[in-house]
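Visitor: Quick one: the structure is below, questions incoming.
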Amino acid sequence: MSSIIIRMAWVIVQRSMWGNTCIKLTNPLLCDKNTRMELDVIDPAAAPWYADGLKFTCTQCGNCCTGGPGFVWISKIEIVRLAEFLKITPEDVVEKYCRKVAGKFSLIENRNPATGLYDCIFLKEIPAKGDGSVVVHTRRVCPVYSVRPLQCRTWPFWEMNLSSQKVWDHSSRRCPGINRGKSYTRRQMEELRDATDWPAAPPTSGGEK
Ligand code: SF4
Ligand code: SF4
């Protein structure tokens, strides 16, 4: 049995993300990573292109936490979790770190004067250290990694990235963790893609980002 799935919103996301692959969504009407309407004709019985699994391990480059203007949506329960982590009230989290867009909360972003890009408010640069004998690159880290929102936790296994090999490979241009390291099965990826709250085993670098 075939069905018609309209994905107009997805097309909007896809267009905007092709030039700017990052965790941030770029349309305020798209309030979750899987928002979609119907358009393409698909055969639900057909195995997806990623059926044999895909690889991903974060390299901690920080590219996905910056880019063009966008949105990192955060739910009310995630605001409470973030507040507990930061040892402040949920109201303070909203006041200091969130903005309201289309009735929902998104993390504030700041224009980075050095790059001209829009960084998530939590993105921090860790200066390079070393004795001069080896090149050590600056790392960009997320100080709230253990309580990062669902949108961040499920990258890169979003519906848009899994929609085609072409989109997946395009995303790998700015996310060097894609196509390297740990293997994910179709089931693991689809559980992450469809998650509505924090998955038990989100993709990570194996440590704090
Ligand atoms: S490797 Fe990918 S997920 Fe990890 S920080 Fe870089 S862009 Fe983000
Ligand atoms: S919360 Fe952390 S992981 Fe998510 S966009 Fe901000 S810095 Fe990146």
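Identifiers in this document derive from the order of the structure tokens: chains are assigned A, B, ..., residues are numbered from 1 separately in each chain, and ligands are numbered from 1 in order of occurrence.
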Can you tell me which residues come within 7 Å of ligand 2 when counting only C-alpha atoms and all ligand atoms, ideally as an NGL selection string?
Guide: :A and (23-24 or 62 or 64-65 or 72 or 120-123 or 141-145 or 148-149 or 152)
Visitor: With ligand 1 as the partner and 8 Å as the cut-off, tabulate the residues of chain A that qualify, each row holding the nearest pair of atoms and their distance in Å to one decimal, using only C-alpha atoms and all ligand atoms, sorted by chain and rising number, as a Markdown table.
Guide:
| residue | atom | partner | partner_atom_place_in_ligand_line | distance |
| --- | --- | --- | --- | --- |
| A:Cys22 | CA | ligand 1 | 7 (S) | 6.7 |
| A:Ile23 | CA | ligand 1 | 8 (Fe) | 7.5 |
| A:Thr57 | CA | ligand 1 | 1 (S) | 6.8 |
| A:Cys58 | CA | ligand 1 | 4 (Fe) | 3.6 |
| A:Thr59 | CA | ligand 1 | 1 (S) | 4.2 |
| A:Gln60 | CA | ligand 1 | 5 (S) | 4.0 |
| A:Cys61 | CA | ligand 1 | 6 (Fe) | 4.0 |
| A:Gly62 | CA | ligand 1 | 5 (S) | 3.7 |
| A:Asn63 | CA | ligand 1 | 7 (S) | 4.2 |
| A:Cys64 | CA | ligand 1 | 8 (Fe) | 4.0 |
| A:Cys65 | CA | ligand 1 | 8 (Fe) | 6.5 |
| A:Arg140 | CA | ligand 1 | 5 (S) | 7.7 |
| A:Val141 | CA | ligand 1 | 5 (S) | 7.8 |
| A:Trp155 | CA | ligand 1 | 3 (S) | 6.5 |
| A:Pro156 | CA | ligand 1 | 3 (S) | 6.8 |
| A:Ser172 | CA | ligand 1 | 2 (Fe) | 7.7 |
| A:Arg174 | CA | ligand 1 | 7 (S) | 5.9 |
| A:Cys175 | CA | ligand 1 | 7 (S) | 3.6 |
| A:Pro176 | CA | ligand 1 | 1 (S) | 4.8 |
| A:Gly177 | CA | ligand 1 | 1 (S) | 3.9 |
| A:Ile178 | CA | ligand 1 | 2 (Fe) | 6.6 |
| A:Thr204 | CA | ligand 1 | 4 (Fe) | 7.9 |
| A:Ser205 | CA | ligand 1 | 4 (Fe) | 7.1 |
| A:Lys209 | CA | ligand 1 | 5 (S) | 7.4 |
Visitor: Which distance in Å separates CA of Thr115 (chain A) and CA of Pro127 (chain A), to one decimal?
Guide: 15.9 Å
Visitor: Considering only strand (DSSP E or B) as DSSP defines it on the backbone, what residues of region 22-200 of chain A qualify? List them as a ChimeraX atom specification.
Guide: /A:25,40-42,54-56,71,73-74,98-101,104-107,109-111,118-120,124-126,139-141,178-184
Visitor: Kindly indicate which residue among A:Pro203, A:Val101, A:Gln151, A:Asp197 lies nearest to Tyr184 (chain A), using only C-alpha atoms for the distances.
Guide: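 Ranked by minimum distance to Tyr184 (chain A), first place goes to A:Pro203.
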Visitor: Considering only C-alpha atoms, can you say which of A:Lys96, A:Lys55, A:Lys76, A:Arg193 comes closest to Phe157 (chain A)?
Guide: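 Distance minimum relative to Phe157 (chain A) lands on A:Arg193.
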Visitor: My list of candidates is A:Gly53, A:Ile126, A:Pro48, A:Leu25. Which is closest to Thr185 (chain A) when distances are computed with only C-alpha atoms?
Guide: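 Closest candidate: A:Gly53.
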Visitor: Using only C-alpha atoms, determine which residues lie at most 10 Å from Arg111 (chain A), disregarding the query and same-chain residues fewer than 2 positions distant; provide the list as a PyMOL selection string.
Guide: chain A and resi 66-69+109+113-121
Visitor: Please dump the current selection as a PDB file, in the first residue's frame; keep N, CA and C atoms.
Guide:
ATOM      1  N   THR A  66      26.607  26.705  15.582  1.00  0.00           N
ATOM      2  CA  THR A  66      26.729  28.043  15.042  1.00  0.00           C
ATOM      3  C   THR A  66      26.265  28.018  13.591  1.00  0.00           C
ATOM      4  N   GLY A  67      26.251  29.166  12.958  1.00  0.00           N
ATOM      5  CA  GLY A  67      25.818  29.224  11.555  1.00  0.00           C
ATOM      6  C   GLY A  67      24.987  30.466  11.325  1.00  0.00           C
ATOM      7  N   GLY A  68      24.062  30.381  10.399  1.00  0.00           N
ATOM      8  CA  GLY A  68      23.158  31.486  10.147  1.00  0.00           C
ATOM      9  C   GLY A  68      22.141  31.595  11.269  1.00  0.00           C
ATOM     10  N   PRO A  69      21.340  32.669  11.283  1.00  0.00           N
ATOM     11  CA  PRO A  69      20.314  32.805  12.319  1.00  0.00           C
ATOM     12  C   PRO A  69      19.400  31.583  12.318  1.00  0.00           C
ATOM     13  N   GLU A 109      20.776  33.222  20.601  1.00  0.00           N
ATOM     14  CA  GLU A 109      22.034  33.098  19.854  1.00  0.00           C
ATOM     15  C   GLU A 109      22.695  34.465  19.796  1.00  0.00           C
ATOM     16  N   PRO A 113      31.587  38.077  16.721  1.00  0.00           N
ATOM     17  CA  PRO A 113      32.267  39.128  15.960  1.00  0.00           C
ATOM     18  C   PRO A 113      33.425  38.601  15.122  1.00  0.00           C
ATOM     19  N   ALA A 114      34.003  37.503  15.542  1.00  0.00           N
ATOM     20  CA  ALA A 114      35.152  36.968  14.812  1.00  0.00           C
ATOM     21  C   ALA A 114      34.736  36.256  13.534  1.00  0.00           C
ATOM     22  N   THR A 115      33.594  35.622  13.569  1.00  0.00           N
ATOM     23  CA  THR A 115      33.180  34.818  12.414  1.00  0.00           C
ATOM     24  C   THR A 115      31.988  35.409  11.673  1.00  0.00           C
ATOM     25  N   GLY A 116      31.238  36.287  12.350  1.00  0.00           N
ATOM     26  CA  GLY A 116      30.011  36.812  11.753  1.00  0.00           C
ATOM     27  C   GLY A 116      28.860  35.827  11.835  1.00  0.00           C
ATOM     28  N   LEU A 117      29.110  34.651  12.426  1.00  0.00           N
ATOM     29  CA  LEU A 117      28.061  33.635  12.529  1.00  0.00           C
ATOM     30  C   LEU A 117      27.292  33.810  13.837  1.00  0.00           C
ATOM     31  N   TYR A 118      26.177  33.117  13.916  1.00  0.00           N
ATOM     32  CA  TYR A 118      25.314  33.206  15.096  1.00  0.00           C
ATOM     33  C   TYR A 118      25.540  31.966  15.961  1.00  0.00           C
ATOM     34  N   ASP A 119      26.171  32.179  17.110  1.00  0.00           N
ATOM     35  CA  ASP A 119      26.486  31.076  18.025  1.00  0.00           C
ATOM     36  C   ASP A 119      25.347  30.861  19.016  1.00  0.00           C
ATOM     37  N   CYS A 120      25.084  29.601  19.317  1.00  0.00           N
ATOM     38  CA  CYS A 120      24.201  29.303  20.450  1.00  0.00           C
ATOM     39  C   CYS A 120      24.796  29.959  21.694  1.00  0.00           C
ATOM     40  N   ILE A 121      23.934  30.474  22.558  1.00  0.00           N
ATOM     41  CA  ILE A 121      24.411  31.207  23.739  1.00  0.00           C
ATOM     42  C   ILE A 121      25.336  30.363  24.620  1.00  0.00           C
TER      43      ILE A 121
END
Visitor: If I take CA of Thr138 (chain A) and CA of Glu125 (chain A), how far is one from the other in Å, to one decimal?
Guide: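 Between these atoms lies a distance of 6.8 Å.
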Visitor: From the options A:Cys98, A:Leu54, A:Val167, A:Ala46, which residue's atoms come nearest to Gly181 (chain A), counting only C-alpha atoms?
Guide: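 So, comparing all the options, the nearest one is A:Leu54.
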Visitor: Return the single residue from A:Ser183, A:Thr196, A:Tyr50, A:Ser146 that is closest to Asn161 (chain A), with distances computed using only C-alpha atoms.
Guide: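 Looking only at the distances to Asn161 (chain A), the closest residue turns out to be A:Tyr50.
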